[in-house]
Amino acid sequence: MKPFMNYYLNNPSHQGRTWLLMPMLLAVCLCSTVANATTSDDEYQIHGFASQAYISTTDNNFFGETSANDNFGFTELGLNALVRPTPNFHIAGQVLLRRAGESDDGKIRLDYGLADYTFISNPTKRLGMRAGRLLNPLGFYNETRDVALTRPSILLPQSIYFDRARDLALSSDGIQVYGEHRGPHNEIFWQLGVANPRVDNPEIELALLADLPGRLESDTSYLGRLLWERDGGRLRVSLSAIQANIKYASSGQPLPFDLSSGTIVFEPTVLSIQYNTEYWSLTSEYALRHFDYKDFGPGLADMNFTGESYYVQGSYRFASKWDTFLRYDAAYTDKEDRNGSDYEVATGKPAHKRFAKDWTVGVGWMATPKILLRGEVHVIDGTAWLPALDNLQPTKQYWNMLNLSLSYRF
Amino acid sequence: MITRSQTTLLYDGFRHSAMCIKMALLRLLAALLLVTTWNSNTYAQNDEIVLVVNPQIQERMISQSTVRTIFGMRLHKWKEYNIKVFVLPDDDPVHNSFSKQILGMFPHQLRWAWDRQVFSGTGRAPIVVKNEDEMRQSIASTPGAIGYLRRSQVDETVHELLLK
């Protein structure tokens, strides 16, 4: 693992990408002007977002050396377009520039790019199909996780929406069938997909395995979500699951340089519940993440374990443009070893790397319908979801974080 | 050289000014809260909100669930018409009343539903107009247009659509 980090930190291609920020920001502003000028034509639409956060930590680092004076390491800029030649067909794509400390260097990537055809569309049902690079429907927030204005807080609950292996969680290449069934009070939405996960990325290799000379290859994977909404979304309940199948192709070198070729099955399942009133929203999500490692040879015994995460959040819109929230968010890397003691005995590494319990309180001000300011304080016990590349030094179990952000969307 | 007692003094001074800043911030926050709460609802509540469509649309009645689906941007064709949806800005009090009275939804839910589609490539956002004059003109001049107005703002250039 260590040599990989050294490589990462010393490799010039991972540094200095910030020069892309300004042109991208300019593009977002330009498109914003163009889009405003053409909003009366809805055959195509252009939208975008930009967000900059200030992050300060008492100990440990989150998206930059935030315990020192590097506080502006979290930037998100995105631009999307949708073209609809006929009422039941459209194509759409979104590019994203994301800086997040050492683990995301601001390279531009395609988040999604798809063609969508609706076979049936009437007031009581809809049935359609999408193909291309598609966002994974996982939980309430995965599909819009990069858009600050869609998040209930500056950072999504990290127990479920953590950033290690983010591209793998975000989208995959394949096809999805979707449907909607509408009654006077109840609506059912469903999506089923077959896809190849995005694993062609050293960060994902590091998150799932270690720095090894072989490479990860995606295998046919399956995903689905069922969502029930009552009274226009007053009550929302969803169950989503993914089975991501990943192969490791060994370089053929013997131990200790490489493992044999093996397989990893990653199965996250998320149950999500939300209740909305005019002033209150209560949201909770519970996730199980099952990992199964097989056939890696004598260097890595077959193993499987299940991680567990949940959060409960209450939001209160106390004035017309203001909201405040309180959240408790807990993550356990292995639910059979919640306090990490077995892990500490087995590896000699600190137990607190295997859990994280985060109390967050925050406030948001929607200055205009397009501009949002947020502030939040986290009080955290544990480091399970700390970005590894920001924390090469020993970590502390108890730490606090103050975040501020300015976000724009059009 | 700074002695130990001097550093204690310095530290106390720092603590005092930190306290002052904290108090000032709290007062500012309290003031902001009061101002925004008072400003939240500033138009006459007794002026009913009605659904309006382009006069080309012959239908006179629509169900609430269909209106929700149309304004949720999930139904692009209603009867034989290609629908174009117009809304006022999120923070407009008329938009707020429309969401609650006509759709039976809260504006924050509507915004979230649009954002989910717009930022996942699965759908579009409605067309936002600045005010009710622009709403009326857009509806009158756009085939398939649907929107809403206070009853006092409706004239013969647009047709009212009744909820079933």
# chains A, B, ... in the order shown; residues from 1 in each chain; ligands from 1
$ residues_around --residues "segment 403-410 of chain A" --least-positions-apart "2" --cutoff "7 Å" --atoms "only C-alpha atoms" --output "PDB file with C-alpha atoms, in the first residue's frame"
ATOM      1  CA  SER A  32     -25.588  29.693 -17.331  1.00  0.00           C
ATOM      2  CA  HIS A  47     -27.850  22.935 -16.302  1.00  0.00           C
ATOM      3  CA  GLY A  48     -24.848  23.169 -14.049  1.00  0.00           C
ATOM      4  CA  PHE A  49     -23.578  23.576 -10.528  1.00  0.00           C
ATOM      5  CA  ALA A  50     -20.577  24.878  -8.646  1.00  0.00           C
ATOM      6  CA  SER A  51     -19.645  24.522  -5.012  1.00  0.00           C
ATOM      7  CA  GLN A  52     -16.677  25.426  -2.842  1.00  0.00           C
ATOM      8  CA  ALA A  53     -16.326  24.286   0.755  1.00  0.00           C
ATOM      9  CA  TYR A  54     -14.183  25.422   3.654  1.00  0.00           C
ATOM     10  CA  ILE A  55     -13.256  22.436   5.837  1.00  0.00           C
ATOM     11  CA  SER A  56     -11.412  22.650   9.131  1.00  0.00           C
ATOM     12  CA  ALA A 148     -24.410  20.404  -3.307  1.00  0.00           C
ATOM     13  CA  LEU A 149     -27.879  21.951  -3.628  1.00  0.00           C
ATOM     14  CA  ILE A 154     -22.424  19.898   3.032  1.00  0.00           C
ATOM     15  CA  LYS A 370     -29.868  29.410  -7.079  1.00  0.00           C
ATOM     16  CA  ILE A 371     -27.451  30.219  -4.250  1.00  0.00           C
ATOM     17  CA  LEU A 372     -27.098  28.240  -1.033  1.00  0.00           C
ATOM     18  CA  LEU A 373     -24.866  28.872   1.966  1.00  0.00           C
ATOM     19  CA  ARG A 374     -24.337  26.146   4.549  1.00  0.00           C
ATOM     20  CA  GLY A 375     -22.459  25.633   7.780  1.00  0.00           C
ATOM     21  CA  GLU A 376     -22.162  22.509   9.899  1.00  0.00           C
ATOM     22  CA  VAL A 377     -20.237  21.032  12.820  1.00  0.00           C
ATOM     23  CA  MET A 401     -14.906  19.150  11.861  1.00  0.00           C
TER      24      MET A 401
END
$ select_by_dssp --residues "segment 225-338 of chain A" --states "strand (DSSP E or B)" --output "PyMOL selection string"
chain A and resi 225-230+235-249+262-276+280-294+303-319+322-332
$ write_last_selection --atoms "C-alpha atoms" --output "mmCIF file, in the first residue's frame"
data_model
loop_
_atom_site.group_PDB
_atom_site.id
_atom_site.type_symbol
_atom_site.label_atom_id
_atom_site.label_comp_id
_atom_site.auth_asym_id
_atom_site.auth_seq_id
_atom_site.Cartn_x
_atom_site.Cartn_y
_atom_site.Cartn_z
ATOM 1 C CA ARG A 225 -34.463 -0.142 -6.712
ATOM 2 C CA LEU A 226 -38.084 -0.157 -5.620
ATOM 3 C CA LEU A 227 -39.510 3.146 -4.348
ATOM 4 C CA TRP A 228 -42.975 3.784 -2.931
ATOM 5 C CA GLU A 229 -44.265 7.333 -2.520
ATOM 6 C CA ARG A 230 -47.478 8.278 -0.737
ATOM 7 C CA LEU A 235 -43.904 9.378 2.812
ATOM 8 C CA ARG A 236 -41.111 7.784 0.756
ATOM 9 C CA VAL A 237 -39.802 4.262 1.275
ATOM 10 C CA SER A 238 -37.198 2.628 -0.911
ATOM 11 C CA LEU A 239 -35.182 -0.557 -1.058
ATOM 12 C CA SER A 240 -32.155 -0.653 -3.345
ATOM 13 C CA ALA A 241 -29.462 -3.224 -3.937
ATOM 14 C CA ILE A 242 -26.441 -3.805 -6.168
ATOM 15 C CA GLN A 243 -24.440 -6.932 -6.857
ATOM 16 C CA ALA A 244 -21.121 -5.698 -8.241
ATOM 17 C CA ASN A 245 -18.964 -8.489 -9.647
ATOM 18 C CA ILE A 246 -15.291 -7.658 -10.012
ATOM 19 C CA LYS A 247 -12.393 -9.833 -11.227
ATOM 20 C CA TYR A 248 -8.750 -9.388 -10.358
ATOM 21 C CA ALA A 249 -6.392 -10.290 -13.188
ATOM 22 C CA GLY A 262 -9.499 -13.891 -7.861
ATOM 23 C CA THR A 263 -12.972 -12.453 -7.600
ATOM 24 C CA ILE A 264 -14.617 -9.836 -5.394
ATOM 25 C CA VAL A 265 -18.370 -9.618 -4.980
ATOM 26 C CA PHE A 266 -19.601 -6.364 -3.440
ATOM 27 C CA GLU A 267 -23.281 -6.226 -2.463
ATOM 28 C CA PRO A 268 -24.631 -3.053 -0.886
ATOM 29 C CA THR A 269 -28.310 -3.043 0.155
ATOM 30 C CA VAL A 270 -29.971 0.175 1.349
ATOM 31 C CA LEU A 271 -33.352 0.660 3.029
ATOM 32 C CA SER A 272 -34.433 4.331 2.992
ATOM 33 C CA ILE A 273 -37.353 6.056 4.679
ATOM 34 C CA GLN A 274 -38.384 9.704 4.634
ATOM 35 C CA TYR A 275 -41.384 11.552 6.054
ATOM 36 C CA ASN A 276 -42.028 15.162 4.961
ATOM 37 C CA TRP A 280 -40.119 19.045 9.051
ATOM 38 C CA SER A 281 -38.401 16.186 7.237
ATOM 39 C CA LEU A 282 -37.327 13.016 8.988
ATOM 40 C CA THR A 283 -34.937 10.831 6.982
ATOM 41 C CA SER A 284 -33.261 7.551 7.824
ATOM 42 C CA GLU A 285 -31.266 5.068 5.780
ATOM 43 C CA TYR A 286 -29.869 1.704 6.780
ATOM 44 C CA ALA A 287 -27.251 -0.100 4.693
ATOM 45 C CA LEU A 288 -25.549 -3.466 4.719
ATOM 46 C CA ARG A 289 -22.411 -3.822 2.574
ATOM 47 C CA HIS A 290 -21.392 -7.401 1.966
ATOM 48 C CA PHE A 291 -17.925 -8.242 0.619
ATOM 49 C CA ASP A 292 -16.856 -11.682 -0.593
ATOM 50 C CA TYR A 293 -13.221 -12.336 -1.631
ATOM 51 C CA LYS A 294 -12.467 -15.662 -3.354
ATOM 52 C CA MET A 303 -13.035 -14.132 3.293
ATOM 53 C CA ASN A 304 -16.361 -12.431 3.579
ATOM 54 C CA PHE A 305 -17.624 -9.738 5.906
ATOM 55 C CA THR A 306 -20.532 -7.319 6.127
ATOM 56 C CA GLY A 307 -20.331 -3.630 6.916
ATOM 57 C CA GLU A 308 -23.263 -1.870 8.533
ATOM 58 C CA SER A 309 -24.252 1.809 8.319
ATOM 59 C CA TYR A 310 -27.197 3.940 9.260
ATOM 60 C CA TYR A 311 -28.177 7.495 9.976
ATOM 61 C CA VAL A 312 -31.192 9.334 11.337
ATOM 62 C CA GLN A 313 -31.671 12.960 10.405
ATOM 63 C CA GLY A 314 -34.250 15.568 11.352
ATOM 64 C CA SER A 315 -34.444 18.752 9.278
ATOM 65 C CA TYR A 316 -36.495 21.793 10.241
ATOM 66 C CA ARG A 317 -37.310 24.663 7.866
ATOM 67 C CA PHE A 318 -37.693 27.304 10.522
ATOM 68 C CA ALA A 319 -38.111 30.281 8.183
ATOM 69 C CA TRP A 322 -33.616 28.716 6.284
ATOM 70 C CA ASP A 323 -33.216 25.156 7.425
ATOM 71 C CA THR A 324 -31.412 23.450 10.245
ATOM 72 C CA PHE A 325 -30.715 19.783 10.884
ATOM 73 C CA LEU A 326 -29.443 17.339 13.455
ATOM 74 C CA ARG A 327 -28.055 13.950 12.432
ATOM 75 C CA TYR A 328 -26.560 10.866 13.996
ATOM 76 C CA ASP A 329 -24.572 8.756 11.548
ATOM 77 C CA ALA A 330 -22.844 5.466 12.361
ATOM 78 C CA ALA A 331 -20.621 3.178 10.274
ATOM 79 C CA TYR A 332 -19.126 -0.194 11.149
#
$ interface_residues --of "chain A" --to "chain B" --cutoff "9 Å" --atoms "only C-alpha atoms" --output "MDAnalysis selection string"
chainID A and resid 39:42 44:45 47:48 80:82 87:88 90:94 111:114 116 121:124 126 130 134:135 141 143:144 147 149:150 182:185 231:234 276:278 318:322 368:369
$ write_last_selection --atoms "C-alpha atoms" --output "PDB file, in the first residue's frame"
ATOM      1  CA  THR A  39     -35.126  28.687 -21.400  1.00  0.00           C
ATOM      2  CA  SER A  40     -38.308  29.140 -23.447  1.00  0.00           C
ATOM      3  CA  ASP A  41     -37.146  26.346 -25.745  1.00  0.00           C
ATOM      4  CA  ASP A  42     -37.419  23.055 -23.934  1.00  0.00           C
ATOM      5  CA  TYR A  44     -32.838  20.974 -25.025  1.00  0.00           C
ATOM      6  CA  GLN A  45     -31.721  22.089 -21.584  1.00  0.00           C
ATOM      7  CA  HIS A  47     -27.850  22.935 -16.302  1.00  0.00           C
ATOM      8  CA  GLY A  48     -24.848  23.169 -14.049  1.00  0.00           C
ATOM      9  CA  ASN A  80     -25.018  18.746 -18.053  1.00  0.00           C
ATOM     10  CA  ALA A  81     -27.099  18.811 -21.205  1.00  0.00           C
ATOM     11  CA  LEU A  82     -30.283  17.063 -22.269  1.00  0.00           C
ATOM     12  CA  PRO A  87     -41.365  13.628 -26.540  1.00  0.00           C
ATOM     13  CA  ASN A  88     -40.423  10.026 -25.709  1.00  0.00           C
ATOM     14  CA  HIS A  90     -33.794  11.951 -25.054  1.00  0.00           C
ATOM     15  CA  ILE A  91     -30.044  11.848 -24.716  1.00  0.00           C
ATOM     16  CA  ALA A  92     -28.195  13.388 -21.779  1.00  0.00           C
ATOM     17  CA  GLY A  93     -24.719  13.693 -20.322  1.00  0.00           C
ATOM     18  CA  GLN A  94     -22.885  15.319 -17.435  1.00  0.00           C
ATOM     19  CA  ASP A 111     -20.515  11.022 -14.638  1.00  0.00           C
ATOM     20  CA  TYR A 112     -23.218   9.812 -16.967  1.00  0.00           C
ATOM     21  CA  GLY A 113     -23.969   9.735 -20.694  1.00  0.00           C
ATOM     22  CA  LEU A 114     -27.157   8.017 -21.794  1.00  0.00           C
ATOM     23  CA  ASP A 116     -33.487   7.133 -22.800  1.00  0.00           C
ATOM     24  CA  SER A 121     -46.359   7.053 -20.952  1.00  0.00           C
ATOM     25  CA  ASN A 122     -49.838   7.904 -19.709  1.00  0.00           C
ATOM     26  CA  PRO A 123     -51.325   9.368 -16.516  1.00  0.00           C
ATOM     27  CA  THR A 124     -51.331   5.978 -14.759  1.00  0.00           C
ATOM     28  CA  ARG A 126     -44.719   4.765 -17.566  1.00  0.00           C
ATOM     29  CA  ARG A 130     -31.955   3.647 -20.708  1.00  0.00           C
ATOM     30  CA  LEU A 134     -25.999   5.311 -15.934  1.00  0.00           C
ATOM     31  CA  LEU A 135     -26.134   6.509 -12.346  1.00  0.00           C
ATOM     32  CA  TYR A 141     -28.905  10.523  -2.614  1.00  0.00           C
ATOM     33  CA  GLU A 143     -27.563   9.795  -8.082  1.00  0.00           C
ATOM     34  CA  THR A 144     -27.158  13.461  -7.134  1.00  0.00           C
ATOM     35  CA  VAL A 147     -24.700  18.407  -6.522  1.00  0.00           C
ATOM     36  CA  LEU A 149     -27.879  21.951  -3.628  1.00  0.00           C
ATOM     37  CA  THR A 150     -29.528  18.528  -3.623  1.00  0.00           C
ATOM     38  CA  ARG A 182     -49.514   5.908 -10.399  1.00  0.00           C
ATOM     39  CA  GLY A 183     -52.660   5.850  -8.309  1.00  0.00           C
ATOM     40  CA  PRO A 184     -54.534   8.749  -6.683  1.00  0.00           C
ATOM     41  CA  HIS A 185     -52.460   8.503  -3.482  1.00  0.00           C
ATOM     42  CA  ASP A 231     -49.356  11.587  -1.231  1.00  0.00           C
ATOM     43  CA  GLY A 232     -46.874  13.215  -3.600  1.00  0.00           C
ATOM     44  CA  GLY A 233     -43.850  12.238  -1.534  1.00  0.00           C
ATOM     45  CA  ARG A 234     -45.078  12.908   2.002  1.00  0.00           C
ATOM     46  CA  ASN A 276     -42.028  15.162   4.961  1.00  0.00           C
ATOM     47  CA  THR A 277     -44.256  17.879   6.352  1.00  0.00           C
ATOM     48  CA  GLU A 278     -44.184  21.547   5.400  1.00  0.00           C
ATOM     49  CA  PHE A 318     -37.693  27.304  10.522  1.00  0.00           C
ATOM     50  CA  ALA A 319     -38.111  30.281   8.183  1.00  0.00           C
ATOM     51  CA  SER A 320     -38.834  30.639   4.476  1.00  0.00           C
ATOM     52  CA  LYS A 321     -35.216  30.405   3.309  1.00  0.00           C
ATOM     53  CA  TRP A 322     -33.616  28.716   6.284  1.00  0.00           C
ATOM     54  CA  THR A 368     -31.765  33.002  -3.796  1.00  0.00           C
ATOM     55  CA  PRO A 369     -33.314  29.948  -5.519  1.00  0.00           C
TER      56      PRO A 369
END
$ select_by_dssp --residues "segment 229-349 of chain A" --states "helix (DSSP H, G or I)" --output "PyMOL selection string"
chain A and resi 231-233+297-299+341-347
$ atom_distance --atom1 "atom CA of Lys396 of chain A" --atom2 "atom CA of Thr58 of chain A"
9.7 Å
$ atom_distance --atom1 "atom CA of Ser250 of chain A" --atom2 "atom CA of Ala165 of chain A"
20.3 Å
$ closest_residue --among "A:Ser172, A:Thr347, A:Asn201, A:Asn400" --to "Leu138 of chain A" --atoms "only C-alpha atoms"
A:Ser172
$ closest_residue --among "B:Arg60, B:Val94, B:Glu160, B:Ile49" --to "Lys130 of chain B" --atoms "only C-alpha atoms"
B:Val94
$ residues_around --residues "Ser141 of chain B" --least-positions-apart "4" --cutoff "10 Å" --atoms "only C-alpha atoms" --output "JSON, numbers by chain"
{"B": [54, 55, 56, 136, 137, 145, 157, 158]}
$ write_last_selection --atoms "N, CA and C atoms" --output "short mmCIF file (atom, residue, chain, number, x, y, z; two decimals), in the first residue's frame"
data_model
loop_
_atom_site.label_atom_id
_atom_site.label_comp_id
_atom_site.auth_asym_id
_atom_site.auth_seq_id
_atom_site.Cartn_x
_atom_site.Cartn_y
_atom_site.Cartn_z
N ASN B 54 -52.99 26.88 -22.21
CA ASN B 54 -53.13 27.53 -23.49
C ASN B 54 -54.53 27.25 -24.04
N PRO B 55 -55.20 28.24 -24.64
CA PRO B 55 -56.59 28.05 -25.08
C PRO B 55 -56.78 26.92 -26.09
N GLN B 56 -55.69 26.51 -26.78
CA GLN B 56 -55.77 25.39 -27.70
C GLN B 56 -56.21 24.09 -27.01
N ARG B 136 -48.71 34.52 -17.71
CA ARG B 136 -49.91 34.65 -18.54
C ARG B 136 -49.54 34.74 -20.01
N GLN B 137 -48.56 35.59 -20.33
CA GLN B 137 -48.15 35.76 -21.74
C GLN B 137 -47.58 34.46 -22.31
N ALA B 145 -49.10 24.74 -23.35
CA ALA B 145 -48.58 25.30 -22.09
C ALA B 145 -49.54 25.10 -20.93
N THR B 157 -57.07 35.53 -22.34
CA THR B 157 -56.01 34.97 -23.20
C THR B 157 -55.63 33.54 -22.78
N VAL B 158 -56.03 33.13 -21.56
CA VAL B 158 -55.73 31.77 -21.09
C VAL B 158 -57.01 31.10 -20.62
#
